[in-house]
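Peer 1: Below you'll find the structure I mean.
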Amino acid sequence: MSEPLFTPRQLFTLKRKTIEKRTSTYYEETRDEAQTVKILIALQVRDELGEDDFSFFMYDLVRRLFMKTKSTRALRRYYVYFKEYFEAKEWRLLTFRLFPIKTYIAEKLEQLYTQFIKEPLEGLVGS
């Protein structure tokens, strides 16, 4: 097992530019989406807890990871933490890209629910 890119202390004390440079270099060398996404999530926590601004940290890398790379378990697991990086239309496309069968089933279930459940209920309410 390789040594982690950052210690927890480093993640919460290093300057933004240093972390950005190391993270970018790490991803370019390893293409390890899972570890990169975990680092980005930790930096979202730092943004919320600390005084330094880490909002929309590595915006371009996040968008590239989720929109251009192969769908992986890590991307599917952590994508909800990056919703603000995408517009509503892009978010819907990303969801469909990461969860094609779940999205399809959810849409079909919604159609069936609307067709068989909502219409009869609406008719009963007016009676």
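Chain identifiers are assigned as A, B, and so on, following the order in which chains appear in the structure tokens; residues are numbered from 1 within each chain, and ligands are numbered from 1 in order of appearance.
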Could you give me, as an MDAnalysis selection string, each residue of segment 34-108 of chain A that DSSP assigns to alpha helix (DSSP H) when run on this structure's backbone?
Peer 2: chainID A and resid 34:49 59:68 73:78 88:98 100:108
Peer 1: May I have the residues within 12 Å of segment 66-69 of chain A as a PyMOL selection string, using only C-alpha atoms and disregarding those fewer than 4 positions away in the same chain?
Peer 2: chain A and resi 31-34+36-37+59-62+73-83+85-86+90-98
Peer 1: May I have the residues from that selection written out with N, CA and C atoms, as a JSON list (two decimals), in the first residue's frame?
Peer 2:
```
[["chain", "number", "residue", "atom", "x", "y", "z"],
["A", 31, "ARG", "N", -4.04, 8.94, -12.08],
["A", 31, "ARG", "CA", -5.42, 8.82, -12.58],
["A", 31, "ARG", "C", -6.31, 8.10, -11.55],
["A", 32, "ASP", "N", -6.00, 8.29, -10.29],
["A", 32, "ASP", "CA", -6.74, 7.66, -9.19],
["A", 32, "ASP", "C", -7.90, 8.57, -8.80],
["A", 33, "GLU", "N", -9.06, 8.32, -9.41],
["A", 33, "GLU", "CA", -10.24, 9.15, -9.15],
["A", 33, "GLU", "C", -10.70, 9.03, -7.70],
["A", 34, "ALA", "N", -10.68, 7.83, -7.17],
["A", 34, "ALA", "CA", -11.21, 7.59, -5.82],
["A", 34, "ALA", "C", -10.45, 8.42, -4.78],
["A", 36, "THR", "N", -8.49, 11.00, -5.29],
["A", 36, "THR", "CA", -8.60, 12.43, -5.60],
["A", 36, "THR", "C", -9.93, 12.99, -5.10],
["A", 37, "VAL", "N", -11.01, 12.26, -5.31],
["A", 37, "VAL", "CA", -12.32, 12.71, -4.85],
["A", 37, "VAL", "C", -12.37, 12.78, -3.33],
["A", 59, "TYR", "N", -12.22, 23.39, -9.45],
["A", 59, "TYR", "CA", -13.48, 23.33, -10.19],
["A", 59, "TYR", "C", -13.33, 22.55, -11.51],
["A", 60, "ASP", "N", -12.32, 22.87, -12.28],
["A", 60, "ASP", "CA", -12.14, 22.22, -13.59],
["A", 60, "ASP", "C", -11.84, 20.72, -13.44],
["A", 61, "LEU", "N", -11.02, 20.37, -12.46],
["A", 61, "LEU", "CA", -10.70, 18.96, -12.25],
["A", 61, "LEU", "C", -11.94, 18.18, -11.82],
["A", 62, "VAL", "N", -12.74, 18.76, -10.92],
["A", 62, "VAL", "CA", -13.96, 18.08, -10.47],
["A", 62, "VAL", "C", -14.88, 17.82, -11.66],
["A", 73, "ARG", "N", -17.19, 3.26, -8.95],
["A", 73, "ARG", "CA", -17.90, 3.18, -7.68],
["A", 73, "ARG", "C", -17.67, 4.44, -6.84],
["A", 74, "ALA", "N", -16.43, 4.91, -6.81],
["A", 74, "ALA", "CA", -16.10, 6.12, -6.03],
["A", 74, "ALA", "C", -16.85, 7.34, -6.56],
["A", 75, "LEU", "N", -16.90, 7.50, -7.86],
["A", 75, "LEU", "CA", -17.61, 8.64, -8.43],
["A", 75, "LEU", "C", -19.10, 8.56, -8.11],
["A", 76, "ARG", "N", -19.67, 7.37, -8.21],
["A", 76, "ARG", "CA", -21.09, 7.21, -7.89],
["A", 76, "ARG", "C", -21.35, 7.44, -6.41],
["A", 77, "ARG", "N", -20.44, 7.01, -5.58],
["A", 77, "ARG", "CA", -20.62, 7.13, -4.13],
["A", 77, "ARG", "C", -20.54, 8.58, -3.66],
["A", 78, "TYR", "N", -19.63, 9.36, -4.23],
["A", 78, "TYR", "CA", -19.35, 10.70, -3.71],
["A", 78, "TYR", "C", -19.90, 11.84, -4.56],
["A", 79, "TYR", "N", -20.55, 11.53, -5.65],
["A", 79, "TYR", "CA", -20.96, 12.61, -6.55],
["A", 79, "TYR", "C", -21.91, 13.61, -5.91],
["A", 80, "VAL", "N", -22.71, 13.20, -4.96],
["A", 80, "VAL", "CA", -23.68, 14.11, -4.32],
["A", 80, "VAL", "C", -23.00, 15.28, -3.63],
["A", 81, "TYR", "N", -21.75, 15.14, -3.24],
["A", 81, "TYR", "CA", -21.03, 16.21, -2.55],
["A", 81, "TYR", "C", -20.57, 17.31, -3.50],
["A", 82, "PHE", "N", -20.77, 17.12, -4.78],
["A", 82, "PHE", "CA", -20.28, 18.09, -5.76],
["A", 82, "PHE", "C", -21.39, 18.70, -6.60],
["A", 83, "LYS", "N", -22.60, 18.66, -6.12],
["A", 83, "LYS", "CA", -23.75, 19.14, -6.87],
["A", 83, "LYS", "C", -23.61, 20.61, -7.27],
["A", 85, "TYR", "N", -21.16, 22.20, -8.21],
["A", 85, "TYR", "CA", -20.21, 22.39, -9.30],
["A", 85, "TYR", "C", -20.89, 22.33, -10.68],
["A", 86, "PHE", "N", -22.16, 21.94, -10.70],
["A", 86, "PHE", "CA", -22.86, 21.71, -11.96],
["A", 86, "PHE", "C", -24.18, 22.48, -12.00],
["A", 90, "GLU", "N", -26.82, 19.98, -16.29],
["A", 90, "GLU", "CA", -25.62, 19.15, -16.25],
["A", 90, "GLU", "C", -25.74, 18.08, -15.16],
["A", 91, "TRP", "N", -26.35, 18.46, -14.03],
["A", 91, "TRP", "CA", -26.51, 17.52, -12.92],
["A", 91, "TRP", "C", -27.39, 16.35, -13.34],
["A", 92, "ARG", "N", -28.45, 16.64, -14.06],
["A", 92, "ARG", "CA", -29.34, 15.58, -14.54],
["A", 92, "ARG", "C", -28.59, 14.65, -15.50],
["A", 93, "LEU", "N", -27.81, 15.23, -16.40],
["A", 93, "LEU", "CA", -27.02, 14.42, -17.33],
["A", 93, "LEU", "C", -25.98, 13.58, -16.59],
["A", 94, "LEU", "N", -25.36, 14.18, -15.58],
["A", 94, "LEU", "CA", -24.37, 13.47, -14.81],
["A", 94, "LEU", "C", -25.01, 12.29, -14.05],
["A", 95, "THR", "N", -26.16, 12.53, -13.48],
["A", 95, "THR", "CA", -26.87, 11.47, -12.77],
["A", 95, "THR", "C", -27.20, 10.33, -13.71],
["A", 96, "PHE", "N", -27.68, 10.66, -14.89],
["A", 96, "PHE", "CA", -28.00, 9.63, -15.88],
["A", 96, "PHE", "C", -26.74, 8.89, -16.32],
["A", 97, "ARG", "N", -25.63, 9.63, -16.44],
["A", 97, "ARG", "CA", -24.38, 9.02, -16.87],
["A", 97, "ARG", "C", -23.83, 8.06, -15.81],
["A", 98, "LEU", "N", -23.93, 8.45, -14.54],
["A", 98, "LEU", "CA", -23.38, 7.62, -13.47],
["A", 98, "LEU", "C", -24.32, 6.47, -13.07]]
```
Peer 1: To one decimal in Å, tell me the separation between atom CA of Leu40 of chain A and atom CA of Thr72 of chain A.
Peer 2: 16.2 Å
Peer 1: Quick check, in Å to one decimal: how far apart do atom CA of Glu87 of chain A and atom CA of Glu110 of chain A lie?
Peer 2: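 We find that atom CA of Glu87 of chain A and atom CA of Glu110 of chain A lie 22.9 Å from each other.
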Peer 1: Any idea what's packed within 12 Å of Glu3 of chain A, counting only C-alpha atoms, ignoring anything in its chain fewer than 3 positions away? Could you give it as a PDB file with N, CA, C and O atoms, in the first residue's frame?
Peer 2:
```
ATOM      1  N   PHE A   6      -1.573  13.171   1.410  1.00  0.00           N
ATOM      2  CA  PHE A   6      -1.554  14.146   2.491  1.00  0.00           C
ATOM      3  C   PHE A   6      -1.856  13.446   3.812  1.00  0.00           C
ATOM      4  O   PHE A   6      -2.664  12.523   3.847  1.00  0.00           O
ATOM      5  N   THR A   7      -1.244  13.930   4.862  1.00  0.00           N
ATOM      6  CA  THR A   7      -1.669  13.504   6.193  1.00  0.00           C
ATOM      7  C   THR A   7      -2.893  14.346   6.541  1.00  0.00           C
ATOM      8  O   THR A   7      -3.103  15.416   5.943  1.00  0.00           O
ATOM      9  N   GLN A  35      -9.137   8.336  -4.803  1.00  0.00           N
ATOM     10  CA  GLN A  35      -8.340   9.081  -3.822  1.00  0.00           C
ATOM     11  C   GLN A  35      -8.460  10.587  -4.055  1.00  0.00           C
ATOM     12  O   GLN A  35      -8.553  11.353  -3.095  1.00  0.00           O
TER      13      GLN A  35
END
```
Peer 1: Work out how far apart atom CA of Arg9 of chain A and atom CA of Ile41 of chain A are and give it in Å to one decimal.
Peer 2: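 Atom CA of Ile41 of chain A lies at a distance of 15.0 Å from atom CA of Arg9 of chain A.
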Peer 1: Would you mind telling me which residue in A:Leu109, A:Leu43, A:Tyr27, A:Ile101 lies nearest to Phe12 of chain A when using only C-alpha atoms?
Peer 2: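 Of A:Leu109, A:Leu43, A:Tyr27, A:Ile101, the one nearest Phe12 of chain A, counting only C-alpha atoms, is A:Leu43.
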Peer 1: Hey, which of A:Ala88, A:Leu5, A:Ile105, A:Pro100 ends up closest to Thr25 of chain A? Count only C-alpha atoms.
Peer 2: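 Of A:Ala88, A:Leu5, A:Ile105, A:Pro100, the one nearest Thr25 of chain A, counting only C-alpha atoms, is A:Leu5.
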